[in-house]
file model-v6.cif (mmCIF, C-alpha atoms; chains and numbers go by the auth columns)
data_my_file
loop_
_atom_site.group_PDB
_atom_site.id
_atom_site.type_symbol
_atom_site.label_atom_id
_atom_site.label_comp_id
_atom_site.label_asym_id
_atom_site.label_seq_id
_atom_site.Cartn_x
_atom_site.Cartn_y
_atom_site.Cartn_z
_atom_site.B_iso_or_equiv
_atom_site.auth_seq_id
_atom_site.auth_asym_id
ATOM 1 C CA MET A 1 13.362 -4.124 -17.517 0.00 12 A
ATOM 2 C CA PRO A 2 13.810 -2.072 -20.694 0.00 13 A
ATOM 3 C CA HIS A 3 13.811 1.697 -20.125 0.00 14 A
ATOM 4 C CA PHE A 4 13.591 3.548 -23.424 0.00 15 A
ATOM 5 C CA ALA A 5 15.032 6.995 -24.189 0.00 16 A
ATOM 6 C CA GLY A 6 12.970 10.126 -23.823 0.00 17 A
ATOM 7 C CA TYR A 7 13.053 11.081 -20.163 0.00 18 A
ATOM 8 C CA ILE A 8 16.557 9.565 -20.120 0.00 19 A
ATOM 9 C CA ASP A 9 19.226 10.117 -22.803 0.00 20 A
ATOM 10 C CA GLN A 10 19.513 6.579 -24.193 0.00 21 A
ATOM 11 C CA ASP A 11 17.893 3.148 -23.958 0.00 22 A
ATOM 12 C CA VAL A 12 19.060 1.041 -21.007 0.00 23 A
ATOM 13 C CA ALA A 13 18.225 -2.295 -19.412 0.00 24 A
ATOM 14 C CA VAL A 14 17.487 -1.745 -15.718 0.00 25 A
ATOM 15 C CA LYS A 15 17.843 -4.535 -13.156 0.00 26 A
ATOM 16 C CA THR A 16 14.933 -4.058 -10.774 0.00 27 A
ATOM 17 C CA SER A 17 14.826 -5.180 -7.171 0.00 28 A
ATOM 18 C CA ASP A 18 12.596 -7.989 -5.903 0.00 29 A
ATOM 19 C CA PHE A 19 9.174 -7.104 -4.498 0.00 30 A
ATOM 20 C CA TRP A 20 7.047 -8.687 -1.789 0.00 31 A
ATOM 21 C CA ASP A 21 3.404 -7.722 -2.233 0.00 32 A
ATOM 22 C CA ILE A 22 1.612 -8.906 0.920 0.00 33 A
ATOM 23 C CA GLY A 23 -1.777 -7.882 2.279 0.00 34 A
ATOM 24 C CA MET A 24 -3.559 -8.551 5.555 0.00 35 A
ATOM 25 C CA LYS A 25 -7.229 -8.434 6.531 0.00 36 A
ATOM 26 C CA VAL A 26 -9.069 -8.995 9.809 0.00 37 A
ATOM 27 C CA ALA A 27 -12.812 -9.394 10.162 0.00 38 A
ATOM 28 C CA TYR A 28 -15.305 -9.969 12.963 0.00 39 A
ATOM 29 C CA ASP A 29 -18.913 -11.148 12.652 0.00 40 A
ATOM 30 C CA PHE A 30 -21.700 -9.836 14.902 0.00 41 A
ATOM 31 C CA ASN A 31 -24.974 -11.796 15.019 0.00 42 A
ATOM 32 C CA VAL A 32 -27.531 -8.996 14.809 0.00 43 A
ATOM 33 C CA TYR A 33 -30.921 -10.685 14.467 0.00 44 A
ATOM 34 C CA ARG A 34 -31.753 -14.346 13.837 0.00 45 A
ATOM 35 C CA SER A 35 -29.875 -15.093 10.605 0.00 46 A
ATOM 36 C CA THR A 36 -28.625 -11.534 9.991 0.00 47 A
ATOM 37 C CA VAL A 37 -24.869 -11.037 10.403 0.00 48 A
ATOM 38 C CA LEU A 38 -22.934 -7.763 10.400 0.00 49 A
ATOM 39 C CA GLN A 39 -19.266 -8.161 9.524 0.00 50 A
ATOM 40 C CA LEU A 40 -16.733 -5.410 10.247 0.00 51 A
ATOM 41 C CA ASN A 41 -13.341 -5.654 8.555 0.00 52 A
ATOM 42 C CA ALA A 42 -10.112 -3.713 8.160 0.00 53 A
ATOM 43 C CA GLY A 43 -6.851 -4.355 6.385 0.00 54 A
ATOM 44 C CA ILE A 44 -3.701 -3.168 4.732 0.00 55 A
ATOM 45 C CA GLN A 45 -2.463 -3.748 1.176 0.00 56 A
ATOM 46 C CA ASN A 46 1.229 -3.803 0.217 0.00 57 A
ATOM 47 C CA VAL A 47 2.417 -4.104 3.841 0.00 58 A
ATOM 48 C CA PHE A 48 6.102 -3.530 3.021 0.00 59 A
ATOM 49 C CA ASN A 49 5.355 -0.532 0.757 0.00 60 A
ATOM 50 C CA ALA A 50 7.260 -2.162 -2.123 0.00 61 A
ATOM 51 C CA TYR A 51 6.603 0.415 -4.816 0.00 62 A
ATOM 52 C CA GLN A 52 8.522 1.751 -7.804 0.00 63 A
ATOM 53 C CA LYS A 53 10.535 4.850 -6.831 0.00 64 A
ATOM 54 C CA ASP A 54 11.856 5.956 -10.250 0.00 65 A
ATOM 55 C CA PHE A 55 8.856 6.825 -12.454 0.00 66 A
ATOM 56 C CA ASP A 56 9.526 8.898 -15.570 0.00 67 A
ATOM 57 C CA LYS A 57 7.957 12.366 -15.715 0.00 68 A
ATOM 58 C CA GLY A 58 6.937 14.772 -18.451 0.00 69 A
ATOM 59 C CA ALA A 59 5.824 14.526 -22.062 0.00 70 A
ATOM 60 C CA ASP A 60 8.814 12.373 -23.135 0.00 71 A
ATOM 61 C CA ARG A 61 8.367 9.705 -20.459 0.00 72 A
ATOM 62 C CA ASP A 62 8.464 5.993 -21.257 0.00 73 A
ATOM 63 C CA SER A 63 4.901 4.953 -20.375 0.00 74 A
ATOM 64 C CA GLY A 64 5.901 1.269 -20.462 0.00 75 A
ATOM 65 C CA TYR A 65 8.529 1.679 -17.748 0.00 76 A
ATOM 66 C CA ILE A 66 6.361 0.475 -14.871 0.00 77 A
ATOM 67 C CA TYR A 67 7.164 -2.496 -12.664 0.00 78 A
ATOM 68 C CA GLY A 68 6.299 -3.914 -9.253 0.00 79 A
ATOM 69 C CA PRO A 69 3.044 -3.655 -7.280 0.00 80 A
ATOM 70 C CA ALA A 70 0.393 -1.338 -8.713 0.00 81 A
ATOM 71 C CA MET A 71 -0.266 0.687 -5.543 0.00 82 A
ATOM 72 C CA PRO A 72 1.724 1.961 -2.576 0.00 83 A
ATOM 73 C CA ARG A 73 0.756 0.902 0.958 0.00 84 A
ATOM 74 C CA SER A 74 -2.943 1.523 1.579 0.00 85 A
ATOM 75 C CA TYR A 75 -5.375 0.927 4.425 0.00 86 A
ATOM 76 C CA TYR A 76 -9.055 0.088 4.182 0.00 87 A
ATOM 77 C CA ALA A 77 -12.074 -0.639 6.351 0.00 88 A
ATOM 78 C CA GLY A 78 -15.531 -1.902 5.556 0.00 89 A
ATOM 79 C CA PHE A 79 -18.660 -3.702 6.606 0.00 90 A
ATOM 80 C CA LYS A 80 -20.924 -6.359 5.130 0.00 91 A
ATOM 81 C CA ILE A 81 -24.492 -7.326 6.028 0.00 92 A
ATOM 82 C CA SER A 82 -25.520 -10.923 5.323 0.00 93 A
ATOM 83 C CA TYR A 83 -29.006 -12.401 5.738 0.00 94 A
#

call {"tool": "encode", "arguments": {"input": "model-v6.cif", "output": "structure tokens"}}
result
Amino acid sequence: MPHFAGYIDQDVAVKTSDFWDIGMKVAYDFNVYRSTVLQLNAGIQNVFNAYQKDFDKGADRDSGYIYGPAMPRSYYAGFKISY
């Protein structure tokens, strides 16, 4: 991964580590009325929290020096009504 000078003193080629970006979701359907179904769900994205640790900072940062999954570990919950 090229890392250009600015935040660092000179251009370098950085060997990044491998990433596993895995998510999980569980859902359960409740029959509410005739053909109406309420689904409750919950999940986690980026289970292993594989996320870049060495972002550049400041006005001279290399904005192209971004690699790996886009978000750190995150949890979510939701519901869906189908009829």

call {"tool": "closest_residue", "arguments": {"input": "model-v6.cif", "among": "A:Gln21, A:Asn42, A:Ser28, A:Gln56", "to": "Arg84 of chain A", "atoms": "all atoms listed in the file"}}
result
A:Gln56

call {"tool": "closest_residue", "arguments": {"input": "model-v6.cif", "among": "A:Ser74, A:Lys36, A:Lys68, A:Phe59", "to": "Ala88 of chain A", "atoms": "only C-alpha atoms"}}
result
A:Lys36

call {"tool": "residues_around", "arguments": {"input": "model-v6.cif", "residues": "Lys64 of chain A", "least_positions_apart": "5", "cutoff": "12 Å", "atoms": "only C-alpha atoms", "output": "VMD selection string"}}
result
chain A and resid 27 to 28 76 to 80 82 to 83

call {"tool": "write_last_selection", "arguments": {"input": "model-v6.cif", "atoms": "C-alpha atoms", "output": "PDB file, in the coordinates of the input"}}
result
ATOM      1  CA  THR A  27      14.933  -4.058 -10.774  1.00  0.00           C
ATOM      2  CA  SER A  28      14.826  -5.180  -7.171  1.00  0.00           C
ATOM      3  CA  TYR A  76       8.529   1.679 -17.748  1.00  0.00           C
ATOM      4  CA  ILE A  77       6.361   0.475 -14.871  1.00  0.00           C
ATOM      5  CA  TYR A  78       7.164  -2.496 -12.664  1.00  0.00           C
ATOM      6  CA  GLY A  79       6.299  -3.914  -9.253  1.00  0.00           C
ATOM      7  CA  PRO A  80       3.044  -3.655  -7.280  1.00  0.00           C
ATOM      8  CA  MET A  82      -0.266   0.687  -5.543  1.00  0.00           C
ATOM      9  CA  PRO A  83       1.724   1.961  -2.576  1.00  0.00           C
TER      10      PRO A  83
END

call {"tool": "residues_near_point", "arguments": {"input": "model-v6.cif", "point": "(0.2, -7.3, 5.9)", "cutoff": "8 Å", "atoms": "all atoms listed in the file", "output": "JSON, numbers by chain"}}
result
{"A": [33, 34, 35, 36, 54, 55, 56, 57, 58, 59]}

call {"tool": "write_last_selection", "arguments": {"input": "model-v6.cif", "atoms": "C-alpha atoms", "output": "mmCIF file, in the frame of the given file"}}
result
data_model
loop_
_atom_site.group_PDB
_atom_site.id
_atom_site.type_symbol
_atom_site.label_atom_id
_atom_site.label_comp_id
_atom_site.auth_asym_id
_atom_site.auth_seq_id
_atom_site.Cartn_x
_atom_site.Cartn_y
_atom_site.Cartn_z
ATOM 1 C CA ILE A 33 1.612 -8.906 0.920
ATOM 2 C CA GLY A 34 -1.777 -7.882 2.279
ATOM 3 C CA MET A 35 -3.559 -8.551 5.555
ATOM 4 C CA LYS A 36 -7.229 -8.434 6.531
ATOM 5 C CA GLY A 54 -6.851 -4.355 6.385
ATOM 6 C CA ILE A 55 -3.701 -3.168 4.732
ATOM 7 C CA GLN A 56 -2.463 -3.748 1.176
ATOM 8 C CA ASN A 57 1.229 -3.803 0.217
ATOM 9 C CA VAL A 58 2.417 -4.104 3.841
ATOM 10 C CA PHE A 59 6.102 -3.530 3.021
#

call {"tool": "resolve_selection", "arguments": {"input": "model-v6.cif", "expression": "the PyMOL selection byres ((chain A and resi 71) around 9)", "output": "VMD selection string"}}
result
chain A and resid 16 to 19 67 to 70 72 to 74

call {"tool": "write_last_selection", "arguments": {"input": "model-v6.cif", "atoms": "C-alpha atoms", "output": "PDB file, in the coordinates of the input"}}
result
ATOM      1  CA  ALA A  16      15.032   6.995 -24.189  1.00  0.00           C
ATOM      2  CA  GLY A  17      12.970  10.126 -23.823  1.00  0.00           C
ATOM      3  CA  TYR A  18      13.053  11.081 -20.163  1.00  0.00           C
ATOM      4  CA  ILE A  19      16.557   9.565 -20.120  1.00  0.00           C
ATOM      5  CA  ASP A  67       9.526   8.898 -15.570  1.00  0.00           C
ATOM      6  CA  LYS A  68       7.957  12.366 -15.715  1.00  0.00           C
ATOM      7  CA  GLY A  69       6.937  14.772 -18.451  1.00  0.00           C
ATOM      8  CA  ALA A  70       5.824  14.526 -22.062  1.00  0.00           C
ATOM      9  CA  ARG A  72       8.367   9.705 -20.459  1.00  0.00           C
ATOM     10  CA  ASP A  73       8.464   5.993 -21.257  1.00  0.00           C
ATOM     11  CA  SER A  74       4.901   4.953 -20.375  1.00  0.00           C
TER      12      SER A  74
END
